[in-house]
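One file, input08.cif, is given below (mmCIF, C-alpha atoms and all ligand atoms).
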data_upload
#
loop_
_atom_site.group_PDB
_atom_site.id
_atom_site.type_symbol
_atom_site.label_atom_id
_atom_site.label_comp_id
_atom_site.auth_asym_id
_atom_site.auth_seq_id
_atom_site.Cartn_x
_atom_site.Cartn_y
_atom_site.Cartn_z
ATOM 1 C CA MET A 1371 14.755 -9.851 11.613
ATOM 2 C CA SER A 1372 14.301 -10.569 15.288
ATOM 3 C CA GLN A 1373 10.819 -12.056 15.364
ATOM 4 C CA HIS A 1374 10.199 -15.751 15.291
ATOM 5 C CA PRO A 1375 9.292 -16.567 11.692
ATOM 6 C CA PRO A 1376 5.626 -17.083 10.882
ATOM 7 C CA VAL A 1377 4.463 -20.620 10.252
ATOM 8 C CA PRO A 1378 1.139 -21.465 8.624
ATOM 9 C CA SER A 1379 -1.411 -23.373 10.629
ATOM 10 C CA ALA A 1380 -1.537 -27.113 10.285
ATOM 11 C CA GLY A 1381 -2.841 -28.554 7.043
ATOM 12 C CA THR A 1382 -2.509 -27.330 3.535
ATOM 13 C CA LEU A 1383 -3.499 -24.079 1.889
ATOM 14 C CA GLY A 1384 -5.451 -26.385 -0.428
ATOM 15 C CA GLU A 1385 -6.172 -26.623 -4.087
ATOM 16 C CA THR A 1386 -9.291 -24.514 -4.076
ATOM 17 C CA ARG A 1387 -9.796 -20.866 -3.390
ATOM 18 C CA ALA A 1388 -12.048 -21.546 -0.401
ATOM 19 C CA ALA A 1389 -9.636 -24.005 1.152
ATOM 20 C CA ALA A 1390 -6.673 -21.807 0.341
ATOM 21 C CA ALA A 1391 -8.144 -18.879 2.210
ATOM 22 C CA ALA A 1392 -8.647 -20.801 5.430
ATOM 23 C CA PRO A 1393 -5.366 -20.985 7.386
ATOM 24 C CA ALA A 1394 -3.907 -17.696 8.476
ATOM 25 C CA ALA A 1395 -0.157 -17.224 8.716
ATOM 26 C CA PRO A 1396 0.481 -14.350 11.105
ATOM 27 C CA ALA A 1397 2.543 -11.545 9.645
ATOM 28 C CA PRO A 1398 5.548 -10.442 11.734
ATOM 29 C CA THR A 1399 4.105 -6.961 12.078
ATOM 30 C CA ALA A 1400 0.495 -5.989 12.653
ATOM 31 C CA PRO A 1401 -1.262 -6.227 9.282
ATOM 32 C CA THR A 1402 -2.387 -2.993 7.698
ATOM 33 C CA PRO A 1403 -6.196 -2.765 7.938
ATOM 34 C CA ALA A 1404 -7.889 -3.933 4.735
ATOM 35 C CA GLY A 1405 -8.539 -1.110 2.316
ATOM 36 C CA THR A 1406 -5.781 1.152 3.652
ATOM 37 C CA PRO A 1407 -3.377 2.372 0.945
ATOM 38 C CA VAL A 1408 -0.206 0.314 1.244
ATOM 39 C CA LEU A 1409 1.663 1.333 -1.920
ATOM 40 C CA THR A 1410 1.188 4.643 -3.657
ATOM 41 C CA ALA A 1411 2.806 5.571 -6.975
ATOM 42 C CA ARG A 1412 2.645 9.200 -8.005
ATOM 43 C CA GLY A 1413 3.619 10.393 -11.456
ATOM 44 C CA LEU A 1414 6.078 7.587 -12.189
ATOM 45 C CA THR A 1415 8.237 8.037 -15.273
ATOM 46 C CA LYS A 1416 11.008 5.833 -16.615
ATOM 47 C CA THR A 1417 12.881 5.877 -19.885
ATOM 48 C CA TYR A 1418 15.507 3.534 -21.272
ATOM 49 C CA GLY A 1419 17.511 5.470 -23.847
ATOM 50 C CA THR A 1420 14.883 6.719 -26.272
ATOM 51 C CA THR A 1421 12.223 4.246 -25.058
ATOM 52 C CA THR A 1422 9.610 5.551 -22.678
ATOM 53 C CA ALA A 1423 8.623 2.655 -20.418
ATOM 54 C CA LEU A 1424 6.501 4.685 -17.976
ATOM 55 C CA ALA A 1425 4.973 8.020 -18.945
ATOM 56 C CA GLY A 1426 3.397 9.204 -15.678
ATOM 57 C CA VAL A 1427 1.703 6.436 -13.693
ATOM 58 C CA ASP A 1428 -0.444 7.078 -10.629
ATOM 59 C CA LEU A 1429 -1.576 3.983 -8.768
ATOM 60 C CA THR A 1430 -2.757 3.185 -5.266
ATOM 61 C CA VAL A 1431 -2.622 -0.400 -4.030
ATOM 62 C CA ARG A 1432 -4.702 -1.086 -0.934
ATOM 63 C CA ALA A 1433 -4.067 -3.646 1.780
ATOM 64 C CA GLY A 1434 -5.742 -6.972 1.144
ATOM 65 C CA GLU A 1435 -6.396 -6.469 -2.549
ATOM 66 C CA SER A 1436 -5.037 -8.372 -5.522
ATOM 67 C CA VAL A 1437 -4.166 -6.055 -8.394
ATOM 68 C CA ALA A 1438 -3.553 -7.463 -11.878
ATOM 69 C CA ILE A 1439 -1.425 -5.268 -14.151
ATOM 70 C CA MET A 1440 -2.246 -6.006 -17.778
ATOM 71 C CA GLY A 1441 -1.365 -4.577 -21.178
ATOM 72 C CA ALA A 1442 0.296 -5.427 -24.453
ATOM 73 C CA SER A 1443 3.917 -6.510 -24.622
ATOM 74 C CA GLY A 1444 6.138 -3.480 -24.015
ATOM 75 C CA SER A 1445 3.402 -1.402 -22.362
ATOM 76 C CA GLY A 1446 5.457 -1.006 -19.175
ATOM 77 C CA LYS A 1447 4.003 -3.668 -16.856
ATOM 78 C CA THR A 1448 7.259 -5.134 -15.581
ATOM 79 C CA THR A 1449 8.872 -1.698 -15.306
ATOM 80 C CA LEU A 1450 5.945 -0.547 -13.153
ATOM 81 C CA LEU A 1451 6.199 -3.653 -10.966
ATOM 82 C CA HIS A 1452 9.942 -3.129 -10.593
ATOM 83 C CA CYS A 1453 9.481 0.525 -9.633
ATOM 84 C CA LEU A 1454 6.780 -0.363 -7.073
ATOM 85 C CA ALA A 1455 9.020 -3.044 -5.584
ATOM 86 C CA GLY A 1456 12.161 -0.918 -5.430
ATOM 87 C CA ILE A 1457 14.019 -3.065 -7.966
ATOM 88 C CA VAL A 1458 14.252 -0.174 -10.432
ATOM 89 C CA ARG A 1459 14.419 3.489 -9.517
ATOM 90 C CA PRO A 1460 12.020 5.658 -11.517
ATOM 91 C CA ASP A 1461 13.403 8.728 -13.296
ATOM 92 C CA GLY A 1462 10.540 10.850 -11.994
ATOM 93 C CA GLY A 1463 7.692 10.578 -9.519
ATOM 94 C CA GLU A 1464 7.721 8.573 -6.327
ATOM 95 C CA VAL A 1465 6.573 5.357 -4.694
ATOM 96 C CA GLY A 1466 5.480 5.402 -1.060
ATOM 97 C CA LEU A 1467 5.061 2.313 1.115
ATOM 98 C CA ALA A 1468 2.922 2.509 4.243
ATOM 99 C CA THR A 1469 4.716 0.907 7.200
ATOM 100 C CA ALA A 1470 4.118 0.845 10.951
ATOM 101 C CA ALA A 1471 6.676 3.657 11.190
ATOM 102 C CA GLY A 1472 4.939 5.834 8.572
ATOM 103 C CA GLU A 1473 5.304 6.160 4.803
ATOM 104 C CA VAL A 1474 8.681 5.121 3.412
ATOM 105 C CA MET A 1475 9.640 6.623 0.053
ATOM 106 C CA VAL A 1476 10.791 3.499 -1.784
ATOM 107 C CA SER A 1477 11.963 5.503 -4.776
ATOM 108 C CA GLY A 1478 14.110 7.792 -2.594
ATOM 109 C CA LEU A 1479 16.144 5.012 -0.963
ATOM 110 C CA ASN A 1480 19.631 4.093 -2.089
ATOM 111 C CA GLU A 1481 20.370 0.559 -3.333
ATOM 112 C CA ALA A 1482 21.152 -0.760 0.166
ATOM 113 C CA GLY A 1483 17.930 0.701 1.549
ATOM 114 C CA ARG A 1484 15.839 -0.700 -1.289
ATOM 115 C CA SER A 1485 17.519 -4.079 -0.905
ATOM 116 C CA ARG A 1486 16.639 -4.161 2.796
ATOM 117 C CA LEU A 1487 13.091 -3.064 2.079
ATOM 118 C CA ARG A 1488 12.688 -5.789 -0.528
ATOM 119 C CA ARG A 1489 13.964 -8.408 1.920
ATOM 120 C CA GLU A 1490 11.775 -7.291 4.818
ATOM 121 C CA GLN A 1491 8.583 -6.009 3.242
ATOM 122 C CA PHE A 1492 8.135 -7.733 -0.105
ATOM 123 C CA GLY A 1493 7.841 -11.254 -1.470
ATOM 124 C CA PHE A 1494 8.532 -12.100 -5.118
ATOM 125 C CA VAL A 1495 7.118 -14.793 -7.369
ATOM 126 C CA PHE A 1496 8.504 -14.492 -10.878
ATOM 127 C CA GLN A 1497 8.145 -16.763 -13.870
ATOM 128 C CA GLU A 1498 11.684 -18.026 -13.556
ATOM 129 C CA GLY A 1499 15.124 -17.267 -12.305
ATOM 130 C CA LEU A 1500 14.599 -16.531 -8.624
ATOM 131 C CA LEU A 1501 14.943 -20.031 -7.186
ATOM 132 C CA LEU A 1502 18.470 -21.308 -6.703
ATOM 133 C CA PRO A 1503 18.803 -24.590 -8.644
ATOM 134 C CA GLU A 1504 21.690 -25.893 -6.541
ATOM 135 C CA LEU A 1505 19.576 -25.698 -3.372
ATOM 136 C CA THR A 1506 16.711 -27.940 -2.285
ATOM 137 C CA ALA A 1507 13.118 -26.740 -1.997
ATOM 138 C CA LEU A 1508 13.585 -26.480 1.774
ATOM 139 C CA GLU A 1509 16.824 -24.511 1.458
ATOM 140 C CA ASN A 1510 15.325 -22.145 -1.121
ATOM 141 C CA VAL A 1511 12.547 -21.211 1.305
ATOM 142 C CA ALA A 1512 14.645 -21.165 4.477
ATOM 143 C CA VAL A 1513 17.297 -18.940 2.927
ATOM 144 C CA ALA A 1514 14.799 -16.078 2.683
ATOM 145 C CA LEU A 1515 14.614 -16.039 6.482
ATOM 146 C CA MET A 1516 18.307 -16.746 7.064
ATOM 147 C CA LEU A 1517 19.202 -13.699 4.959
ATOM 148 C CA GLY A 1518 17.197 -11.701 7.498
ATOM 149 C CA GLY A 1519 19.167 -13.158 10.409
ATOM 150 C CA VAL A 1520 16.930 -16.054 11.454
ATOM 151 C CA ALA A 1521 18.871 -19.097 12.692
ATOM 152 C CA ARG A 1522 18.797 -22.147 10.427
ATOM 153 C CA PRO A 1523 16.670 -24.445 12.666
ATOM 154 C CA ALA A 1524 13.916 -21.845 13.047
ATOM 155 C CA ALA A 1525 14.126 -20.933 9.355
ATOM 156 C CA GLU A 1526 13.844 -24.583 8.321
ATOM 157 C CA HIS A 1527 10.941 -25.147 10.695
ATOM 158 C CA ALA A 1528 9.028 -22.263 9.105
ATOM 159 C CA ALA A 1529 10.015 -23.382 5.608
ATOM 160 C CA VAL A 1530 8.709 -26.896 6.218
ATOM 161 C CA GLY A 1531 5.428 -25.424 7.466
ATOM 162 C CA TRP A 1532 4.955 -23.420 4.277
ATOM 163 C CA LEU A 1533 6.004 -26.244 1.969
ATOM 164 C CA HIS A 1534 3.504 -28.555 3.654
ATOM 165 C CA ALA A 1535 0.785 -25.896 3.492
ATOM 166 C CA LEU A 1536 1.412 -25.621 -0.242
ATOM 167 C CA GLY A 1537 1.115 -29.368 -0.787
ATOM 168 C CA LEU A 1538 4.826 -30.171 -1.090
ATOM 169 C CA ALA A 1539 5.209 -32.546 1.851
ATOM 170 C CA GLY A 1540 7.824 -35.149 0.958
ATOM 171 C CA MET A 1541 9.504 -32.914 -1.614
ATOM 172 C CA GLU A 1542 11.476 -30.766 0.830
ATOM 173 C CA HIS A 1543 14.830 -32.251 -0.146
ATOM 174 C CA ARG A 1544 14.410 -32.193 -3.913
ATOM 175 C CA ARG A 1545 16.423 -29.715 -5.909
ATOM 176 C CA ILE A 1546 14.447 -27.310 -8.067
ATOM 177 C CA GLY A 1547 15.274 -29.226 -11.259
ATOM 178 C CA GLN A 1548 13.638 -32.305 -9.742
ATOM 179 C CA LEU A 1549 10.283 -30.526 -9.438
ATOM 180 C CA SER A 1550 7.604 -29.807 -12.032
ATOM 181 C CA GLY A 1551 7.011 -26.209 -13.099
ATOM 182 C CA GLY A 1552 3.922 -25.986 -10.896
ATOM 183 C CA GLN A 1553 5.754 -27.466 -7.916
ATOM 184 C CA ALA A 1554 8.646 -25.038 -8.406
ATOM 185 C CA GLN A 1555 6.169 -22.145 -8.403
ATOM 186 C CA ARG A 1556 4.767 -23.453 -5.113
ATOM 187 C CA VAL A 1557 8.294 -23.296 -3.694
ATOM 188 C CA ALA A 1558 8.520 -19.710 -4.961
ATOM 189 C CA ILE A 1559 5.221 -18.891 -3.255
ATOM 190 C CA ALA A 1560 6.452 -20.455 -0.011
ATOM 191 C CA ARG A 1561 9.650 -18.440 -0.212
ATOM 192 C CA ALA A 1562 7.740 -15.225 -0.881
ATOM 193 C CA GLN A 1563 5.454 -15.794 2.128
ATOM 194 C CA VAL A 1564 7.774 -17.283 4.739
ATOM 195 C CA THR A 1565 9.090 -13.906 5.888
ATOM 196 C CA GLY A 1566 5.558 -12.621 6.468
ATOM 197 C CA ALA A 1567 6.079 -9.889 3.857
ATOM 198 C CA PRO A 1568 2.905 -7.803 3.633
ATOM 199 C CA VAL A 1569 3.138 -7.283 -0.148
ATOM 200 C CA THR A 1570 3.882 -9.927 -2.791
ATOM 201 C CA PHE A 1571 4.866 -9.042 -6.348
ATOM 202 C CA ALA A 1572 4.356 -11.656 -9.033
ATOM 203 C CA ASP A 1573 5.461 -11.313 -12.670
ATOM 204 C CA GLU A 1574 3.767 -13.819 -14.983
ATOM 205 C CA PRO A 1575 3.731 -16.392 -12.151
ATOM 206 C CA THR A 1576 1.806 -18.882 -14.278
ATOM 207 C CA GLY A 1577 3.321 -17.963 -17.641
ATOM 208 C CA ALA A 1578 5.109 -21.284 -18.114
ATOM 209 C CA LEU A 1579 2.292 -23.508 -16.824
ATOM 210 C CA ASP A 1580 -0.610 -25.304 -18.489
ATOM 211 C CA SER A 1581 -4.054 -23.923 -17.738
ATOM 212 C CA ALA A 1582 -5.016 -26.431 -15.018
ATOM 213 C CA THR A 1583 -1.712 -26.016 -13.175
ATOM 214 C CA SER A 1584 -1.932 -22.269 -13.701
ATOM 215 C CA ALA A 1585 -5.323 -22.173 -11.956
ATOM 216 C CA GLU A 1586 -3.979 -24.247 -9.045
ATOM 217 C CA VAL A 1587 -0.911 -22.051 -8.615
ATOM 218 C CA MET A 1588 -2.993 -18.877 -8.805
ATOM 219 C CA ASP A 1589 -5.392 -20.234 -6.177
ATOM 220 C CA LEU A 1590 -2.482 -21.012 -3.890
ATOM 221 C CA LEU A 1591 -0.869 -17.632 -4.508
ATOM 222 C CA LEU A 1592 -4.115 -15.820 -3.702
ATOM 223 C CA GLY A 1593 -4.779 -18.028 -0.694
ATOM 224 C CA ALA A 1594 -1.319 -17.329 0.712
ATOM 225 C CA THR A 1595 -1.536 -13.567 0.136
ATOM 226 C CA THR A 1596 -4.990 -11.964 0.093
ATOM 227 C CA GLY A 1597 -6.377 -15.094 1.789
ATOM 228 C CA THR A 1598 -4.343 -14.155 4.865
ATOM 229 C CA GLY A 1599 -4.959 -10.402 4.636
ATOM 230 C CA ARG A 1600 -1.843 -9.615 2.626
ATOM 231 C CA THR A 1601 -1.592 -7.808 -0.688
ATOM 232 C CA LEU A 1602 -0.738 -9.097 -4.177
ATOM 233 C CA VAL A 1603 0.374 -7.180 -7.269
ATOM 234 C CA VAL A 1604 0.597 -9.444 -10.313
ATOM 235 C CA VAL A 1605 1.717 -8.720 -13.868
ATOM 236 C CA THR A 1606 -0.044 -11.011 -16.310
ATOM 237 C CA HIS A 1607 -1.103 -11.459 -19.925
ATOM 238 C CA ASP A 1608 -3.682 -14.009 -18.820
ATOM 239 C CA GLU A 1609 -7.275 -12.766 -18.531
ATOM 240 C CA GLY A 1610 -7.985 -15.897 -16.452
ATOM 241 C CA VAL A 1611 -5.430 -14.781 -13.865
ATOM 242 C CA ALA A 1612 -6.798 -11.224 -13.898
ATOM 243 C CA ALA A 1613 -10.328 -12.568 -13.426
ATOM 244 C CA ARG A 1614 -9.230 -14.059 -10.099
ATOM 245 C CA CYS A 1615 -7.973 -10.682 -8.836
ATOM 246 C CA THR A 1616 -9.983 -7.960 -7.138
ATOM 247 C CA ARG A 1617 -8.792 -5.171 -9.458
ATOM 248 C CA VAL A 1618 -7.363 -4.892 -12.962
ATOM 249 C CA VAL A 1619 -5.140 -2.028 -14.126
ATOM 250 C CA ARG A 1620 -4.490 -1.785 -17.861
ATOM 251 C CA LEU A 1621 -1.420 -0.052 -19.291
ATOM 252 C CA ARG A 1622 -0.755 1.260 -22.782
ATOM 253 C CA ASP A 1623 2.455 3.016 -23.785
ATOM 254 C CA GLY A 1624 3.488 3.497 -20.165
ATOM 255 C CA ARG A 1625 0.187 4.972 -19.025
ATOM 256 C CA VAL A 1626 -2.785 3.594 -17.096
ATOM 257 C CA VAL A 1627 -5.610 3.602 -19.629
ATOM 258 C CA ALA A 1628 -8.239 1.636 -17.690
ATOM 259 C CA GLU A 1629 -8.914 0.414 -14.182
ATOM 260 C CA HIS A 1630 -11.798 -1.828 -13.184
ATOM 261 C CA ALA A 1631 -12.868 -4.419 -10.657
ATOM 262 C CA GLY A 1632 -11.628 -7.941 -11.345
ATOM 263 C CA GLY A 1633 -13.763 -11.039 -11.197
ATOM 264 C CA ALA A 1634 -12.932 -11.655 -7.543
ATOM 265 C CA ARG A 1635 -14.585 -8.427 -6.376
HETATM 266 N N1 LIG B 1 16.555 -2.681 -19.186
HETATM 267 C C1 LIG B 1 15.982 -2.176 -20.274
HETATM 268 N N2 LIG B 1 16.732 -1.593 -21.224
HETATM 269 C C2 LIG B 1 16.162 -1.035 -22.326
HETATM 270 N N3 LIG B 1 14.834 -1.028 -22.574
HETATM 271 C C3 LIG B 1 14.045 -1.614 -21.655
HETATM 272 C C4 LIG B 1 14.572 -2.202 -20.473
HETATM 273 N N4 LIG B 1 13.544 -2.688 -19.751
HETATM 274 C C5 LIG B 1 12.427 -2.419 -20.463
HETATM 275 N N5 LIG B 1 12.725 -1.763 -21.598
HETATM 276 C C6 LIG B 1 11.768 -1.293 -22.600
HETATM 277 O O1 LIG B 1 10.751 -0.560 -21.931
HETATM 278 C C7 LIG B 1 9.479 -0.866 -22.476
HETATM 279 C C8 LIG B 1 8.586 -1.441 -21.384
HETATM 280 O O2 LIG B 1 9.131 -2.703 -21.003
HETATM 281 P P1 LIG B 1 8.422 -3.643 -19.940
HETATM 282 O O3 LIG B 1 9.285 -4.841 -19.781
HETATM 283 O O4 LIG B 1 8.098 -2.864 -18.742
HETATM 284 O O5 LIG B 1 7.069 -4.018 -20.711
HETATM 285 P P2 LIG B 1 6.029 -5.181 -20.431
HETATM 286 O O6 LIG B 1 4.690 -4.588 -20.599
HETATM 287 O O7 LIG B 1 6.334 -5.827 -19.129
HETATM 288 O O8 LIG B 1 6.344 -6.169 -21.611
HETATM 289 P P3 LIG B 1 6.183 -7.763 -21.747
HETATM 290 O O9 LIG B 1 4.727 -8.042 -21.619
HETATM 291 O O10 LIG B 1 6.696 -8.051 -23.119
HETATM 292 O O11 LIG B 1 7.019 -8.388 -20.670
HETATM 293 C C9 LIG B 1 9.727 -1.824 -23.625
HETATM 294 O O12 LIG B 1 9.771 -1.082 -24.828
HETATM 295 C C10 LIG B 1 11.079 -2.412 -23.308
HETATM 296 O O13 LIG B 1 11.753 -2.808 -24.479
#

Kindly present the structure from the file in structure tokens form.
Ligand SMILES: Nc1ncnc2c1ncn2[C@@H]1O[C@H](COP(=O)(O)OP(=O)(O)OP(=O)(O)O)[C@@H](O)[C@H]1O
Amino acid sequence: MSQHPPVPSAGTLGETRAAAAAPAAPAPTAPTPAGTPVLTARGLTKTYGTTTALAGVDLTVRAGESVAIMGASGSGKTTLLHCLAGIVRPDGGEVGLATAAGEVMVSGLNEAGRSRLRREQFGFVFQEGLLLPELTALENVAVALMLGGVARPAAEHAAVGWLHALGLAGMEHRRIGQLSGGQAQRVAIARAQVTGAPVTFADEPTGALDSATSAEVMDLLLGATTGTGRTLVVVTHDEGVAARCTRVVRLRDGRVVAEHAGGAR
């Protein structure tokens, strides 16, 4: 990455939805106009042995929206998220990502291409496992930029900006194990946003949190993504999380069985 990393404006993204939406962190590339399709899945299929995880999914995700993917355990939510994000290659169908250079077929790229795409275009907030416990909060965020070629001082400057915006001032040098679950998820949000990635994927981002902390983390996640014109795709079992999104997609047995506006619309 050659651009100077984006840094949020002064202040915090706040604890409330309204406050969280206020400061805008410029994306490294011109943001896709709101409402434009940014990710398009066509006829996605995926099987694991004899298990059909996806049985033909069509889905369009538009810039600036927050899409909650819901459904019973085993209905294919995580597999769909992983196919959209280029973590897993579907057996059939395709996933297209709109970029400044035209549509990139995520599903057609080899592992190196998908890895680069994930680093440059996507942010990830998962329930667990993505933060490096041996690194501090600051290092966990800065490393996302350093992997893209940003020098350490600039990466740390941007990381500090995001950690402060997410209410973690003073905790920059704590290791992940020295943070609460909610604080660790804020670090994950900072790491997912610091590169300016236009699309963030979250898989049960509040799954391990109590309901008050869950609401705070979800507000911050929305403020940092759709609040700054970016796009969020979130897998969740929690109707409260889905109610904060603009659209809800429900899966059953690897198929989309319902789609409707979320409470945020
Ligand atoms: N790596 C894998 N190997 C074998 N089977 C898998 C694998 N990943 C997923 N599956 C199976 O595919 C189906 C869909 O799994 P997936 O994780 O996408 O569902 P989910 O809706 O996210 O479930 P949950 O809510 O329990 O996380 C399940 O039957 C699951 O057991």

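Comparing the minimum interatomic distances between ligand LIG 1 (chain B) and each of A:Leu1487, A:Leu1467, A:Ala1442, A:Ala1613, counting only C-alpha atoms and all ligand atoms, we find that A:Ala1442 sits nearest.
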
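Applied to this file, the PyMOL selection byres (((chain A and resi 1571) around 7) and not hetatm) selects Gly1493, Phe1494, Val1495, Val1569, Thr1570, Ala1572, Asp1573, Leu1602, Val1603 and Val1604 of chain A.
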
Do you have the atom CA of A:Gly1466-atom CA of A:Val1626 distance handy? 18.1 Å

Evaluate the PyMOL selection byres (((chain A and resi 1408) around 12) and not hetatm) on the structure here and hand back the selected residues as a PDB file with C-alpha atoms, keeping the file's coordinate frame.
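File produced: part32.pdb:
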ATOM      1  CA  PRO A1401      -1.262  -6.227   9.282  1.00  0.00           C
ATOM      2  CA  THR A1402      -2.387  -2.993   7.698  1.00  0.00           C
ATOM      3  CA  PRO A1403      -6.196  -2.765   7.938  1.00  0.00           C
ATOM      4  CA  ALA A1404      -7.889  -3.933   4.735  1.00  0.00           C
ATOM      5  CA  GLY A1405      -8.539  -1.110   2.316  1.00  0.00           C
ATOM      6  CA  THR A1406      -5.781   1.152   3.652  1.00  0.00           C
ATOM      7  CA  PRO A1407      -3.377   2.372   0.945  1.00  0.00           C
ATOM      8  CA  LEU A1409       1.663   1.333  -1.920  1.00  0.00           C
ATOM      9  CA  THR A1410       1.188   4.643  -3.657  1.00  0.00           C
ATOM     10  CA  ALA A1411       2.806   5.571  -6.975  1.00  0.00           C
ATOM     11  CA  LEU A1429      -1.576   3.983  -8.768  1.00  0.00           C
ATOM     12  CA  THR A1430      -2.757   3.185  -5.266  1.00  0.00           C
ATOM     13  CA  VAL A1431      -2.622  -0.400  -4.030  1.00  0.00           C
ATOM     14  CA  ARG A1432      -4.702  -1.086  -0.934  1.00  0.00           C
ATOM     15  CA  ALA A1433      -4.067  -3.646   1.780  1.00  0.00           C
ATOM     16  CA  GLY A1434      -5.742  -6.972   1.144  1.00  0.00           C
ATOM     17  CA  GLU A1435      -6.396  -6.469  -2.549  1.00  0.00           C
ATOM     18  CA  LEU A1454       6.780  -0.363  -7.073  1.00  0.00           C
ATOM     19  CA  ALA A1455       9.020  -3.044  -5.584  1.00  0.00           C
ATOM     20  CA  VAL A1465       6.573   5.357  -4.694  1.00  0.00           C
ATOM     21  CA  GLY A1466       5.480   5.402  -1.060  1.00  0.00           C
ATOM     22  CA  LEU A1467       5.061   2.313   1.115  1.00  0.00           C
ATOM     23  CA  ALA A1468       2.922   2.509   4.243  1.00  0.00           C
ATOM     24  CA  THR A1469       4.716   0.907   7.200  1.00  0.00           C
ATOM     25  CA  ALA A1470       4.118   0.845  10.951  1.00  0.00           C
ATOM     26  CA  GLY A1472       4.939   5.834   8.572  1.00  0.00           C
ATOM     27  CA  GLU A1473       5.304   6.160   4.803  1.00  0.00           C
ATOM     28  CA  VAL A1474       8.681   5.121   3.412  1.00  0.00           C
ATOM     29  CA  MET A1475       9.640   6.623   0.053  1.00  0.00           C
ATOM     30  CA  VAL A1476      10.791   3.499  -1.784  1.00  0.00           C
ATOM     31  CA  GLN A1491       8.583  -6.009   3.242  1.00  0.00           C
ATOM     32  CA  PHE A1492       8.135  -7.733  -0.105  1.00  0.00           C
ATOM     33  CA  PRO A1568       2.905  -7.803   3.633  1.00  0.00           C
ATOM     34  CA  VAL A1569       3.138  -7.283  -0.148  1.00  0.00           C
ATOM     35  CA  THR A1570       3.882  -9.927  -2.791  1.00  0.00           C
ATOM     36  CA  ARG A1600      -1.843  -9.615   2.626  1.00  0.00           C
ATOM     37  CA  THR A1601      -1.592  -7.808  -0.688  1.00  0.00           C
ATOM     38  CA  LEU A1602      -0.738  -9.097  -4.177  1.00  0.00           C
ATOM     39  CA  VAL A1603       0.374  -7.180  -7.269  1.00  0.00           C
TER      40      VAL A1603
END

Given the file shown, enumerate the residues that the PyMOL selection byres (((chain A and resi 1575) around 10) and not hetatm) captures and present them as an NGL selection string. :A and (1494-1498 or 1552 or 1555 or 1558-1559 or 1571-1574 or 1576-1579 or 1584 or 1587-1588 or 1591 or 1604-1606 or 1611)

Kindly compile the residues surrounding ligand LIG 1 (chain B) within 8 Å, counting all atoms listed in the file, and format them as a list in words. Thr1417, Tyr1418, Gly1419, Thr1421, Thr1422, Ala1423, Leu1424, Met1440, Gly1441, Ala1442, Ser1443, Gly1444, Ser1445, Gly1446, Lys1447, Thr1448, Thr1449, Leu1450, Val1605, Thr1606, His1607, Leu1621, Asp1623 and Gly1624 of chain A

Write a file of the just-selected residues containing C-alpha atoms, as an mmCIF file, in the frame of the given file.
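So the final result, stored in part33.cif, reads:
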data_model
loop_
_atom_site.group_PDB
_atom_site.id
_atom_site.type_symbol
_atom_site.label_atom_id
_atom_site.label_comp_id
_atom_site.auth_asym_id
_atom_site.auth_seq_id
_atom_site.Cartn_x
_atom_site.Cartn_y
_atom_site.Cartn_z
ATOM 1 C CA THR A 1417 12.881 5.877 -19.885
ATOM 2 C CA TYR A 1418 15.507 3.534 -21.272
ATOM 3 C CA GLY A 1419 17.511 5.470 -23.847
ATOM 4 C CA THR A 1421 12.223 4.246 -25.058
ATOM 5 C CA THR A 1422 9.610 5.551 -22.678
ATOM 6 C CA ALA A 1423 8.623 2.655 -20.418
ATOM 7 C CA LEU A 1424 6.501 4.685 -17.976
ATOM 8 C CA MET A 1440 -2.246 -6.006 -17.778
ATOM 9 C CA GLY A 1441 -1.365 -4.577 -21.178
ATOM 10 C CA ALA A 1442 0.296 -5.427 -24.453
ATOM 11 C CA SER A 1443 3.917 -6.510 -24.622
ATOM 12 C CA GLY A 1444 6.138 -3.480 -24.015
ATOM 13 C CA SER A 1445 3.402 -1.402 -22.362
ATOM 14 C CA GLY A 1446 5.457 -1.006 -19.175
ATOM 15 C CA LYS A 1447 4.003 -3.668 -16.856
ATOM 16 C CA THR A 1448 7.259 -5.134 -15.581
ATOM 17 C CA THR A 1449 8.872 -1.698 -15.306
ATOM 18 C CA LEU A 1450 5.945 -0.547 -13.153
ATOM 19 C CA VAL A 1605 1.717 -8.720 -13.868
ATOM 20 C CA THR A 1606 -0.044 -11.011 -16.310
ATOM 21 C CA HIS A 1607 -1.103 -11.459 -19.925
ATOM 22 C CA LEU A 1621 -1.420 -0.052 -19.291
ATOM 23 C CA ASP A 1623 2.455 3.016 -23.785
ATOM 24 C CA GLY A 1624 3.488 3.497 -20.165
#

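Closest approach to A:Ala1535 among A:Val1564, A:Ala1521, A:Ile1457, A:Ala1582: A:Val1564, based on only C-alpha atoms.
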
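Of the listed residues (A:Leu1414, A:Ala1628, A:Ala1507, A:Ala1514), A:Leu1414 comes nearest to A:Val1427; the distances count all atoms listed in the file.
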
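Across the structure, atom CA of A:Leu1592 and atom CA of A:Asn1510 are spaced 20.6 Å apart.
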
Quote the spacing between atom CA of A:Trp1532 and atom CA of A:Leu1549 in Å to one decimal place. 16.3 Å

Can you tell me which residues surround A:Ala1539 at a distance of at most 10 Å, considering all atoms listed in the file, apart from same-chain residues fewer than 5 positions away, and format the answer as a PyMOL selection string? chain A and resi 1382+1530-1534

Neighbour list for A:Glu1481 as a list in words, cut-off 10 Å, all atoms listed in the file, skip fewer than 2 positions in-chain: Gly1456, Ile1457, Val1458, Arg1459, Ser1477, Gly1478, Leu1479, Gly1483, Arg1484, Ser1485, Arg1486 and Leu1487 of chain A
